[in-house]
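Colleague: Dropping in final-v2.cif, with mmCIF, C-alpha atoms (C1' of nucleotides).
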data_model
loop_
_atom_site.label_atom_id
_atom_site.label_comp_id
_atom_site.auth_asym_id
_atom_site.auth_seq_id
_atom_site.Cartn_x
_atom_site.Cartn_y
_atom_site.Cartn_z
CA MET A 1 4.45 83.58 63.04
CA ARG A 2 2.44 86.14 61.16
CA ALA A 3 1.82 89.85 61.26
CA PRO A 4 -1.71 91.10 61.94
CA GLY A 5 -3.63 91.17 58.70
CA GLN A 6 -1.71 88.29 57.12
CA ARG A 7 -4.02 85.46 56.11
CA ALA A 8 -3.39 81.84 56.89
CA GLY A 9 -5.72 80.34 54.32
CA LEU A 10 -7.89 78.57 56.86
CA SER A 11 -11.22 76.98 56.10
CA ARG A 12 -13.92 75.28 58.08
CA GLN A 13 -12.72 71.92 56.83
CA ALA A 14 -9.14 72.68 57.81
CA VAL A 15 -10.22 73.63 61.31
CA VAL A 16 -12.35 70.53 61.70
CA GLY A 17 -9.50 68.41 60.40
CA ALA A 18 -7.06 69.91 62.85
CA ALA A 19 -9.51 69.32 65.66
CA ARG A 20 -9.78 65.66 64.71
CA ALA A 21 -6.02 65.41 64.57
CA VAL A 22 -5.71 66.90 68.04
CA LEU A 23 -8.23 64.46 69.42
CA ASP A 24 -6.68 61.53 67.63
CA ASP A 25 -3.35 61.94 69.31
CA GLY A 26 -4.96 61.92 72.69
CA SER A 27 -4.77 65.60 73.56
CA ALA A 28 -7.75 67.46 74.93
CA LEU A 29 -9.68 69.44 72.36
CA THR A 30 -8.90 73.01 73.33
CA MET A 31 -9.15 75.97 71.01
CA ARG A 32 -5.51 76.73 71.66
CA ALA A 33 -4.42 73.23 70.72
CA VAL A 34 -6.32 73.35 67.45
CA ALA A 35 -5.04 76.82 66.67
CA GLY A 36 -1.51 75.80 67.54
CA ARG A 37 -1.63 72.90 65.13
CA LEU A 38 -2.67 75.31 62.40
CA GLY A 39 0.00 77.87 63.32
CA VAL A 40 -2.64 80.44 64.10
CA ALA A 41 -3.90 82.53 67.01
CA PRO A 42 -6.69 80.87 69.03
CA ASN A 43 -9.32 83.44 68.20
CA ALA A 44 -8.72 83.00 64.48
CA LEU A 45 -10.85 79.87 64.64
CA TYR A 46 -13.92 81.93 65.41
CA SER A 47 -14.06 83.09 61.82
CA HIS A 48 -14.74 79.54 60.66
CA VAL A 49 -16.52 77.87 63.55
CA GLU A 50 -19.13 78.99 66.06
CA GLY A 51 -17.11 78.55 69.24
CA ARG A 52 -15.93 75.35 70.78
CA GLU A 53 -19.42 73.86 70.93
CA GLY A 54 -19.91 74.43 67.24
CA LEU A 55 -16.52 72.96 66.47
CA LEU A 56 -17.46 69.84 68.39
CA ASP A 57 -20.68 69.47 66.49
CA ALA A 58 -18.80 69.83 63.23
CA VAL A 59 -16.23 67.23 64.26
CA LEU A 60 -18.95 64.84 65.36
CA ASP A 61 -20.76 65.09 62.09
CA ASP A 62 -17.55 64.87 60.14
CA LEU A 63 -16.85 61.54 61.82
CA LEU A 64 -20.24 60.13 60.94
CA ARG A 65 -19.67 60.88 57.28
CA ALA A 66 -17.33 57.89 57.12
CA LEU A 67 -20.03 55.40 58.10
CA PRO A 68 -20.47 52.67 55.49
CA PHE A 69 -24.13 52.29 54.76
CA PRO A 70 -25.23 48.72 54.07
CA ASP A 71 -26.37 47.90 50.56
CA PRO A 72 -30.15 47.90 50.30
CA SER A 73 -30.43 44.42 48.80
CA ALA A 74 -29.12 42.68 51.90
CA ASP A 75 -31.15 41.29 54.76
CA PRO A 76 -32.32 44.19 56.94
CA GLU A 77 -31.38 42.53 60.23
CA THR A 78 -27.79 41.84 59.22
CA GLY A 79 -27.75 45.34 57.79
CA LEU A 80 -28.72 46.74 61.16
CA VAL A 81 -26.09 44.70 62.92
CA ALA A 82 -23.47 45.91 60.45
CA LEU A 83 -24.52 49.53 60.72
CA MET A 84 -24.62 49.58 64.50
CA THR A 85 -21.38 47.67 64.83
CA ALA A 86 -19.69 50.11 62.47
CA SER A 87 -21.02 53.01 64.51
CA HIS A 88 -19.79 51.43 67.70
CA GLU A 89 -16.41 50.78 66.15
CA LEU A 90 -16.22 54.37 64.97
CA LEU A 91 -16.78 55.58 68.51
CA LEU A 92 -14.23 53.15 69.93
CA ALA A 93 -11.68 54.52 67.48
CA HIS A 94 -12.19 58.05 68.79
CA PRO A 95 -12.60 57.77 72.53
CA GLY A 96 -11.86 61.44 73.10
CA LEU A 97 -14.99 62.39 71.24
CA VAL A 98 -17.43 60.08 72.96
CA PRO A 99 -18.17 62.27 75.97
CA HIS A 100 -19.23 65.05 73.64
CA PHE A 101 -21.31 62.61 71.68
CA VAL A 102 -23.06 61.73 74.90
CA ALA A 103 -23.62 65.33 75.86
CA ARG A 104 -25.06 66.18 72.46
CA GLN A 105 -27.06 62.97 72.13
CA GLY A 106 -25.44 61.92 68.90
CA ALA A 107 -25.62 65.33 67.33
CA ARG A 108 -28.15 66.65 64.92
CA GLY A 109 -25.94 67.19 61.91
CA GLU A 110 -26.53 66.15 58.36
CA ASN A 111 -24.76 62.82 58.66
CA ALA A 112 -26.37 61.99 61.97
CA GLN A 113 -29.68 62.37 60.22
CA ARG A 114 -28.48 60.14 57.41
CA LEU A 115 -27.70 57.49 59.98
CA GLY A 116 -31.11 57.89 61.54
CA ASN A 117 -32.83 57.57 58.21
CA ALA A 118 -30.85 54.48 57.30
CA MET A 119 -31.81 52.86 60.59
CA ARG A 120 -35.42 53.78 60.11
CA GLU A 121 -35.47 52.28 56.64
CA LEU A 122 -33.84 49.05 57.78
CA LEU A 123 -36.27 48.75 60.67
CA ALA A 124 -39.20 49.28 58.33
CA ARG A 125 -38.00 46.57 56.01
CA ALA A 126 -37.59 44.29 59.02
CA GLY A 127 -41.26 44.76 59.85
CA VAL A 128 -41.08 47.61 62.34
CA ASP A 129 -43.25 50.10 60.52
CA ASP A 130 -44.92 51.89 63.38
CA ASP A 131 -43.48 55.37 63.89
CA VAL A 132 -43.12 55.36 67.66
CA ALA A 133 -41.80 51.80 67.61
CA GLN A 134 -39.13 52.90 65.17
CA ASN A 135 -38.22 55.85 67.36
CA THR A 136 -37.85 53.79 70.51
CA ALA A 137 -35.81 51.21 68.66
CA ILE A 138 -33.51 53.87 67.26
CA ARG A 139 -33.16 55.59 70.61
CA VAL A 140 -32.37 52.36 72.39
CA LEU A 141 -29.86 51.22 69.79
CA VAL A 142 -28.08 54.54 69.66
CA VAL A 143 -27.96 54.79 73.43
CA HIS A 144 -26.46 51.34 73.59
CA ALA A 145 -23.75 52.17 71.07
CA ILE A 146 -22.82 55.51 72.56
CA GLY A 147 -23.15 54.41 76.16
CA ASP A 148 -21.03 51.36 75.63
CA ALA A 149 -18.32 53.34 73.89
CA ALA A 150 -18.44 55.88 76.69
CA VAL A 151 -17.66 53.44 79.45
CA ALA A 152 -15.13 51.82 77.14
CA GLY A 153 -13.27 55.07 76.73
CA SER A 154 -13.28 55.62 80.47
CA PRO A 155 -9.76 56.09 81.83
CA ASP A 156 -9.87 52.94 83.89
CA THR A 157 -11.17 50.40 81.45
CA GLY A 158 -9.59 48.28 84.11
CA PRO A 159 -9.36 44.54 83.81
CA ILE A 160 -11.75 44.36 80.85
CA GLY A 161 -10.06 44.15 77.45
CA LEU A 162 -11.20 45.65 74.19
CA ASP A 163 -12.23 42.29 72.81
CA GLU A 164 -14.50 41.45 75.71
CA LEU A 165 -15.90 44.92 75.29
CA ARG A 166 -16.77 44.30 71.68
CA ALA A 167 -18.25 40.97 72.64
CA SER A 168 -20.50 42.43 75.32
CA TYR A 169 -21.61 45.15 72.93
CA ALA A 170 -22.48 42.55 70.31
CA THR A 171 -24.44 40.54 72.86
CA GLY A 172 -26.45 43.55 73.97
CA LEU A 173 -27.07 44.50 70.37
CA ARG A 174 -28.37 41.01 69.63
CA TRP A 175 -30.75 41.18 72.57
CA LEU A 176 -32.04 44.62 71.62
CA LEU A 177 -32.57 43.66 68.00
CA ALA A 178 -34.36 40.49 69.00
CA GLY A 179 -36.74 42.55 71.09
CA ALA A 180 -37.27 45.27 68.53
CA LEU A 181 -37.79 42.91 65.61
CA SER A 182 -39.98 40.46 67.48
CA ALA A 183 -42.30 43.35 68.21
CA GLY A 184 -42.40 44.00 64.50
CA GLU A 185 -43.05 40.36 63.67
CA GLN A 186 -45.84 40.16 66.17
CA LYS A 187 -47.51 43.04 64.45
CA MET A 188 -47.06 41.48 61.02
CA ARG A 189 -48.70 38.30 62.20
CA LEU A 190 -51.96 40.08 62.96
CA MET B 1 -15.68 85.78 106.49
CA ARG B 2 -12.99 84.21 108.62
CA ALA B 3 -9.42 84.90 109.61
CA PRO B 4 -6.70 82.44 108.61
CA GLY B 5 -6.59 79.63 111.10
CA GLN B 6 -10.25 79.91 112.09
CA ARG B 7 -12.05 76.60 111.58
CA ALA B 8 -15.33 76.27 109.79
CA GLY B 9 -16.26 72.86 111.09
CA LEU B 10 -16.33 71.23 107.70
CA SER B 11 -16.50 67.51 107.12
CA ARG B 12 -16.41 65.24 104.12
CA GLN B 13 -20.16 64.74 104.39
CA ALA B 14 -20.78 68.49 104.55
CA VAL B 15 -18.70 69.04 101.43
CA VAL B 16 -20.45 66.26 99.55
CA GLY B 17 -23.79 67.63 100.66
CA ALA B 18 -22.94 71.11 99.45
CA ALA B 19 -21.81 69.68 96.14
CA ARG B 20 -25.12 67.89 95.71
CA ALA B 21 -26.96 71.08 96.58
CA VAL B 22 -24.99 73.01 93.98
CA LEU B 23 -25.77 70.44 91.33
CA ASP B 24 -29.40 70.21 92.32
CA ASP B 25 -30.07 73.85 91.65
CA GLY B 26 -28.63 73.56 88.20
CA SER B 27 -25.29 75.25 88.69
CA ALA B 28 -22.08 73.72 87.43
CA LEU B 29 -20.13 71.81 90.02
CA THR B 30 -17.08 74.00 90.54
CA MET B 31 -14.89 73.98 93.59
CA ARG B 32 -15.58 77.65 94.04
CA ALA B 33 -19.32 77.17 93.97
CA VAL B 34 -19.19 74.45 96.59
CA ALA B 35 -16.84 76.46 98.75
CA GLY B 36 -19.01 79.54 98.38
CA ARG B 37 -22.04 77.65 99.57
CA LEU B 38 -20.11 76.62 102.67
CA GLY B 39 -18.75 80.12 103.28
CA VAL B 40 -15.22 78.91 102.86
CA ALA B 41 -12.19 79.46 100.64
CA PRO B 42 -12.07 77.12 97.61
CA ASN B 43 -8.89 75.36 98.64
CA ALA B 44 -10.37 74.53 102.05
CA LEU B 45 -12.20 71.67 100.38
CA TYR B 46 -8.95 69.88 99.70
CA SER B 47 -8.67 68.95 103.35
CA HIS B 48 -11.78 66.80 103.05
CA VAL B 49 -11.83 65.64 99.46
CA GLU B 50 -9.20 64.55 96.95
CA GLY B 51 -9.70 67.26 94.37
CA ARG B 52 -12.65 67.76 92.11
CA GLU B 53 -12.46 64.27 90.71
CA GLY B 54 -12.59 62.76 94.16
CA LEU B 55 -15.49 65.00 95.11
CA LEU B 56 -17.40 63.79 92.08
CA ASP B 57 -16.80 60.18 92.98
CA ALA B 58 -18.01 60.87 96.49
CA VAL B 59 -21.15 62.60 95.26
CA LEU B 60 -21.85 59.79 92.83
CA ASP B 61 -21.57 57.17 95.51
CA ASP B 62 -23.56 59.25 97.94
CA LEU B 63 -26.40 59.27 95.44
CA LEU B 64 -26.36 55.53 95.03
CA ARG B 65 -26.74 55.04 98.74
CA ALA B 66 -30.41 55.98 98.40
CA LEU B 67 -31.18 53.08 96.07
CA PRO B 68 -33.95 50.84 97.43
CA PHE B 69 -32.83 47.26 97.15
CA PRO B 70 -35.59 44.80 96.37
CA ASP B 71 -36.53 42.34 99.06
CA PRO B 72 -34.94 38.95 98.46
CA SER B 73 -38.18 36.98 98.59
CA ALA B 74 -39.61 38.54 95.44
CA ASP B 75 -39.30 37.26 91.92
CA PRO B 76 -35.78 38.02 90.64
CA GLU B 77 -36.94 39.35 87.28
CA THR B 78 -39.34 41.88 88.76
CA GLY B 79 -36.62 42.70 91.25
CA LEU B 80 -34.24 43.49 88.44
CA VAL B 81 -36.80 45.65 86.72
CA ALA B 82 -37.44 47.52 89.94
CA LEU B 83 -33.76 47.99 90.69
CA MET B 84 -32.86 49.20 87.22
CA THR B 85 -35.88 51.46 87.01
CA ALA B 86 -35.01 52.99 90.34
CA SER B 87 -31.46 53.56 89.18
CA HIS B 88 -32.69 55.17 86.00
CA GLU B 89 -35.08 57.35 87.94
CA LEU B 90 -32.28 58.39 90.27
CA LEU B 91 -30.24 59.53 87.32
CA LEU B 92 -33.15 61.38 85.77
CA ALA B 93 -33.60 63.26 89.02
CA HIS B 94 -30.00 64.50 88.92
CA PRO B 95 -29.25 65.34 85.30
CA GLY B 96 -26.25 67.44 86.19
CA LEU B 97 -24.47 64.40 87.52
CA VAL B 98 -25.05 62.06 84.64
CA PRO B 99 -22.15 63.22 82.45
CA HIS B 100 -19.78 62.48 85.29
CA PHE B 101 -21.42 59.14 85.79
CA VAL B 102 -20.73 58.39 82.17
CA ALA B 103 -17.14 59.50 82.38
CA ARG B 104 -16.47 57.37 85.46
CA GLN B 105 -18.45 54.36 84.23
CA GLY B 106 -20.78 54.36 87.19
CA ALA B 107 -18.07 54.80 89.76
CA ARG B 108 -16.35 52.24 91.86
CA GLY B 109 -17.50 53.34 95.28
CA GLU B 110 -18.93 51.25 98.03
CA ASN B 111 -22.54 51.74 97.04
CA ALA B 112 -21.83 51.17 93.37
CA GLN B 113 -20.43 47.83 94.37
CA ARG B 114 -23.50 47.12 96.43
CA LEU B 115 -25.60 47.78 93.35
CA GLY B 116 -23.41 45.48 91.31
CA ASN B 117 -23.65 42.74 93.88
CA ALA B 118 -27.41 43.06 94.11
CA MET B 119 -27.69 42.78 90.34
CA ARG B 120 -25.39 39.79 90.30
CA GLU B 121 -27.42 38.03 92.96
CA LEU B 122 -30.71 38.69 91.19
CA LEU B 123 -29.27 37.46 87.92
CA ALA B 124 -28.01 34.32 89.58
CA ARG B 125 -31.42 33.60 91.05
CA ALA B 126 -32.91 34.15 87.61
CA GLY B 127 -30.72 31.42 86.20
CA VAL B 128 -27.76 33.44 84.94
CA ASP B 129 -25.03 31.84 86.97
CA ASP B 130 -22.10 31.98 84.61
CA ASP B 131 -19.61 34.64 85.64
CA VAL B 132 -18.97 36.25 82.26
CA ALA B 133 -22.66 36.08 81.41
CA GLN B 134 -23.40 37.99 84.58
CA ASN B 135 -20.77 40.56 83.77
CA THR B 136 -22.05 41.23 80.29
CA ALA B 137 -25.61 41.45 81.55
CA ILE B 138 -24.61 43.93 84.22
CA ARG B 139 -22.56 45.98 81.81
CA VAL B 140 -25.33 46.13 79.27
CA LEU B 141 -28.00 47.01 81.80
CA VAL B 142 -25.92 49.72 83.43
CA VAL B 143 -24.95 51.18 80.09
CA HIS B 144 -28.59 51.31 79.11
CA ALA B 145 -29.59 53.13 82.28
CA ILE B 146 -26.76 55.63 82.25
CA GLY B 147 -26.80 56.17 78.50
CA ASP B 148 -30.51 56.75 78.43
CA ALA B 149 -30.35 59.22 81.29
CA ALA B 150 -27.48 60.97 79.57
CA VAL B 151 -29.35 61.72 76.37
CA ALA B 152 -32.39 62.56 78.50
CA GLY B 153 -30.43 65.23 80.34
CA SER B 154 -29.15 66.62 77.09
CA PRO B 155 -29.99 70.31 76.74
CA ASP B 156 -32.24 69.74 73.76
CA THR B 157 -34.42 66.89 74.90
CA GLY B 158 -36.37 68.40 72.08
CA PRO B 159 -39.81 67.17 71.13
CA ILE B 160 -39.56 64.07 73.30
CA GLY B 161 -41.19 64.33 76.70
CA LEU B 162 -40.09 62.76 79.95
CA ASP B 163 -42.88 60.21 79.86
CA GLU B 164 -41.99 58.91 76.43
CA LEU B 165 -38.46 58.80 77.68
CA ARG B 166 -39.36 56.59 80.57
CA ALA B 167 -41.41 54.44 78.24
CA SER B 168 -38.58 53.90 75.81
CA TYR B 169 -36.24 53.11 78.66
CA ALA B 170 -38.68 50.53 79.99
CA THR B 171 -39.00 48.98 76.55
CA GLY B 172 -35.27 48.69 76.13
CA LEU B 173 -34.94 47.25 79.59
CA ARG B 174 -37.57 44.62 78.81
CA TRP B 175 -35.72 43.61 75.66
CA LEU B 176 -32.38 43.39 77.41
CA LEU B 177 -33.75 41.36 80.29
CA ALA B 178 -35.51 39.01 77.91
CA GLY B 179 -32.21 38.40 76.17
CA ALA B 180 -30.17 38.03 79.31
CA LEU B 181 -32.60 35.74 81.09
CA SER B 182 -33.38 33.59 78.08
CA ALA B 183 -29.67 32.85 77.88
CA GLY B 184 -29.87 31.73 81.49
CA GLU B 185 -32.93 29.58 80.89
CA GLN B 186 -31.33 27.92 77.92
CA LYS B 187 -28.47 26.90 80.12
CA MET B 188 -30.75 25.57 82.84
CA ARG B 189 -32.55 23.42 80.32
CA LEU B 190 -29.43 21.42 79.52
"C1'" DC C 1 -7.00 100.49 36.90
"C1'" DA C 2 -8.29 103.12 41.46
"C1'" DG C 3 -10.97 102.99 45.57
"C1'" DC C 4 -13.84 101.00 49.04
"C1'" DT C 5 -15.72 97.31 51.63
"C1'" DT C 6 -15.31 93.23 53.91
"C1'" DA C 7 -13.47 89.25 55.84
"C1'" DG C 8 -9.38 86.99 58.06
"C1'" DC C 9 -6.21 87.41 61.15
"C1'" DT C 10 -3.20 89.20 65.44
"C1'" DG C 11 -2.39 91.05 70.16
"C1'" DA C 12 -4.07 91.91 74.34
"C1'" DA C 13 -7.15 91.19 77.72
"C1'" DC C 14 -10.98 89.35 80.88
"C1'" DA C 15 -13.31 86.19 83.73
"C1'" DG C 16 -13.39 81.75 85.42
"C1'" DC C 17 -11.43 77.29 86.33
"C1'" DG C 18 -8.52 73.62 89.37
"C1'" DT C 19 -4.99 73.56 92.43
"C1'" DA C 20 -0.28 74.25 94.77
"C1'" DC C 21 2.31 76.88 98.27
"C1'" DA C 22 3.13 79.33 102.46
"C1'" DG C 23 1.48 81.15 106.58
"C1'" DT C 24 -1.73 81.33 110.71
"C1'" DT C 25 -4.49 79.39 114.05
"C1'" DT C 26 -6.82 75.78 116.52
"C1'" DC C 27 -7.18 71.25 118.37
"C1'" DC C 28 -5.51 67.02 120.44
"C1'" DA C 29 -2.31 63.86 122.36
"C1'" DA C 30 1.66 62.81 125.21
"C1'" DT D 1 2.23 72.04 129.32
"C1'" DT D 2 4.08 71.58 125.12
"C1'" DG D 3 4.65 69.92 120.40
"C1'" DG D 4 2.85 68.50 116.18
"C1'" DA D 5 -0.75 67.75 113.09
"C1'" DA D 6 -4.77 69.32 110.90
"C1'" DA D 7 -7.92 73.07 109.14
"C1'" DC D 8 -8.23 77.00 107.11
"C1'" DT D 9 -6.97 81.78 104.45
"C1'" DG D 10 -4.44 84.59 101.02
"C1'" DT D 11 -2.06 84.56 97.07
"C1'" DA D 12 -0.75 83.05 92.91
"C1'" DC D 13 0.12 80.13 88.65
"C1'" DG D 14 -1.26 78.17 84.47
"C1'" DC D 15 -4.93 76.81 81.94
"C1'" DT D 16 -9.43 77.52 79.67
"C1'" DG D 17 -13.12 79.91 76.21
"C1'" DT D 18 -14.14 84.17 74.41
"C1'" DT D 19 -14.33 89.34 73.24
"C1'" DC D 20 -12.56 93.68 71.49
"C1'" DA D 21 -9.88 96.74 68.80
"C1'" DG D 22 -6.67 97.19 65.16
"C1'" DC D 23 -4.25 95.91 60.88
"C1'" DT D 24 -4.10 94.17 56.19
"C1'" DA D 25 -4.92 91.43 52.22
"C1'" DA D 26 -8.44 90.10 48.98
"C1'" DG D 27 -12.41 91.06 46.18
"C1'" DC D 28 -15.96 93.83 44.28
"C1'" DT D 29 -17.46 98.32 42.09
"C1'" DG D 30 -17.07 102.24 39.30
#
Let me see whether you can do it: turn the structure in this file into structure tokens.
Modeller:
Amino acid sequence: MRAPGQRAGLSRQAVVGAARAVLDDGSALTMRAVAGRLGVAPNALYSHVEGREGLLDAVLDDLLRALPFPDPSADPETGLVALMTASHELLLAHPGLVPHFVARQGARGENAQRLGNAMRELLARAGVDDDVAQNTAIRVLVVHAIGDAAVAGSPDTGPIGLDELRASYATGLRWLLAGALSAGEQKMRL
Amino acid sequence: MRAPGQRAGLSRQAVVGAARAVLDDGSALTMRAVAGRLGVAPNALYSHVEGREGLLDAVLDDLLRALPFPDPSADPETGLVALMTASHELLLAHPGLVPHFVARQGARGENAQRLGNAMRELLARAGVDDDVAQNTAIRVLVVHAIGDAAVAGSPDTGPIGLDELRASYATGLRWLLAGALSAGEQKMRL
DNA sequence: CAGCTTAGCTGAACAGCGTACAGTTTCCAA
DNA sequence: TTGGAAACTGTACGCTGTTCAGCTAAGCTG
């Protein structure tokens, strides 16, 4: 352990990393669990993170940083499929985080915004240039990804396997994109 | 209060009702809150409900009971729109419950099953008769409704109003139905 | 280099949570 | 009428997030 006053050399990144580690081995994200993993008293975290809520936001955004953004030369529709599938896959890989993602509507962090901007740009290049059309498309696509991952991470995924899950997500994504992009095309035709 | 041994005349329905009341005035659904509203010790609820989890399931299913099922003579597509819109509206009216809905993937209660069966029947009459096609369609539609309501109930609905929210839900629903039903049509054409 | 400020950390504690256990009373069936 | 089950209370345990006061090491200032 450590006497009062002794420093542990923590940092915001270290705390976020420990939180991700805790979640990744299936434990619930409690302050005490994170602190324990760092060999530190629970309240020590409050020097680096604004409470549990803030820690969650940080973890969420940290996850999104890993998203591979499609190269701008490619076809925008396949780019969208790739981006959304990667997002969905990211959520599937961290089921413990999805409920918080739901509660915080995908977070508002730096990387969440990057994702939003990338989607907006791809949509624009696919012909969806209207602002509100872009927003609905983004909302609907994000909801689909998060919602699907949420029911996937549910304790009783039951008889449905992970592969069927991916398949049904892909199908829904195809339908949504068809709708969103056809609206764009219709407008271009005018 | 009440001496030990004195009965309070509780029932499963009364407990579920109190739970709904607690949620409806914005408080968190805690055993103690529900018990308090019934003038009863917290652990008294365990005689009528299988813990907090079970209570949540019961409340969820109780909500779904109110769903108006479309009359069977109407067009199946408009029936589906009506059914899904009603479900979405139900969720919007009870934002406190949505997170639990997400976590329990729409519940498995009696009325949830009724909803599933109704959707399946409408899909069949709309030409989607394949079993796995029906399942994906149902999954995707339910995810859209629950997911959308979840981000709607998020604390920071932010600049987006409830009307735009309903509009974007309707748009997404239209896209999804177009996809699902066109798949059915394609099959019928063979 | 000496002194002061500040930030990082500990220990203890509080309020609230779900729930298990034991005891008391009421109800119902045989 | 009597026995057993069911409904309820009181108490308590272990868990949670978070706050407060105290200690000390690090860093800045003169």
Colleague: Run the PyMOL selection byres ((chain A) within 7 of (chain C)) mentally over the shown coordinates, then write out the matched residues as a PyMOL selection string, using the chain letters and numbers from the document.
Modeller: chain A and resi 3-7+41+44
Colleague: Once you count only C-alpha atoms (C1' of nucleotides), which residues end up no further than 10 Å from (-30.5, 44.0, 90.6) in the file's frame, shown as a ChimeraX atom specification?
Modeller: /B:69-70,76-85,87,114-123,138,141
Colleague: Taking all atoms listed in the file into account and nothing else, which residues of chain D lie no more than 10 Å away from chain B? Please answer as a count of residues only.
Modeller: 5
Colleague: Report as number ranges by chain the full result of the PyMOL selection byres ((chain A) within 10 of (chain B)) when it is applied to this structure.
Modeller: A: 98-106, 132-133, 135-157, 164-165, 167-169, 171-180, 182-183
Colleague: If I take CA of Leu162 (chain B) and CA of Gln134 (chain A), how far is one from the other in Å, to one decimal?
Modeller: 17.8 Å
Colleague: Do you have the CA of Thr30 (chain B)-CA of Val49 (chain B) distance handy?
Modeller: 13.3 Å
Colleague: For CA of Asp25 (chain A) and CA of Ala170 (chain A), determine how far apart the two atoms are, in Å to one decimal place.
Modeller: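 Computing the Euclidean distance for CA of Asp25 (chain A) and CA of Ala170 (chain A) yields 27.3 Å.
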Colleague: Nearest to Gly17 (chain A): which of A:Val59, A:Val128, A:Ala33, A:Leu64 is it, counting only C-alpha atoms?
Modeller: A:Val59
Colleague: Which polymer residues, protein or nucleic acid, are no farther than 10 Å from (-11.0, 67.3, 78.2), counting only C-alpha atoms (C1' of nucleotides), as a list in words?
Modeller: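 Checking each residue against the 10 Å limit leaves Leu23, Gly26, Ser27, Ala28, Leu29, Thr30, Gly96, Leu97, Pro99 and His100 of chain A.
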Colleague: Ranking A:Gly161, A:Leu181, A:Asp61, A:Pro72 by minimum distance to Gln113 (chain A) and counting all atoms listed in the file, which one comes first?
Modeller: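 For Gln113 (chain A), the nearest of the given residues is A:Asp61.
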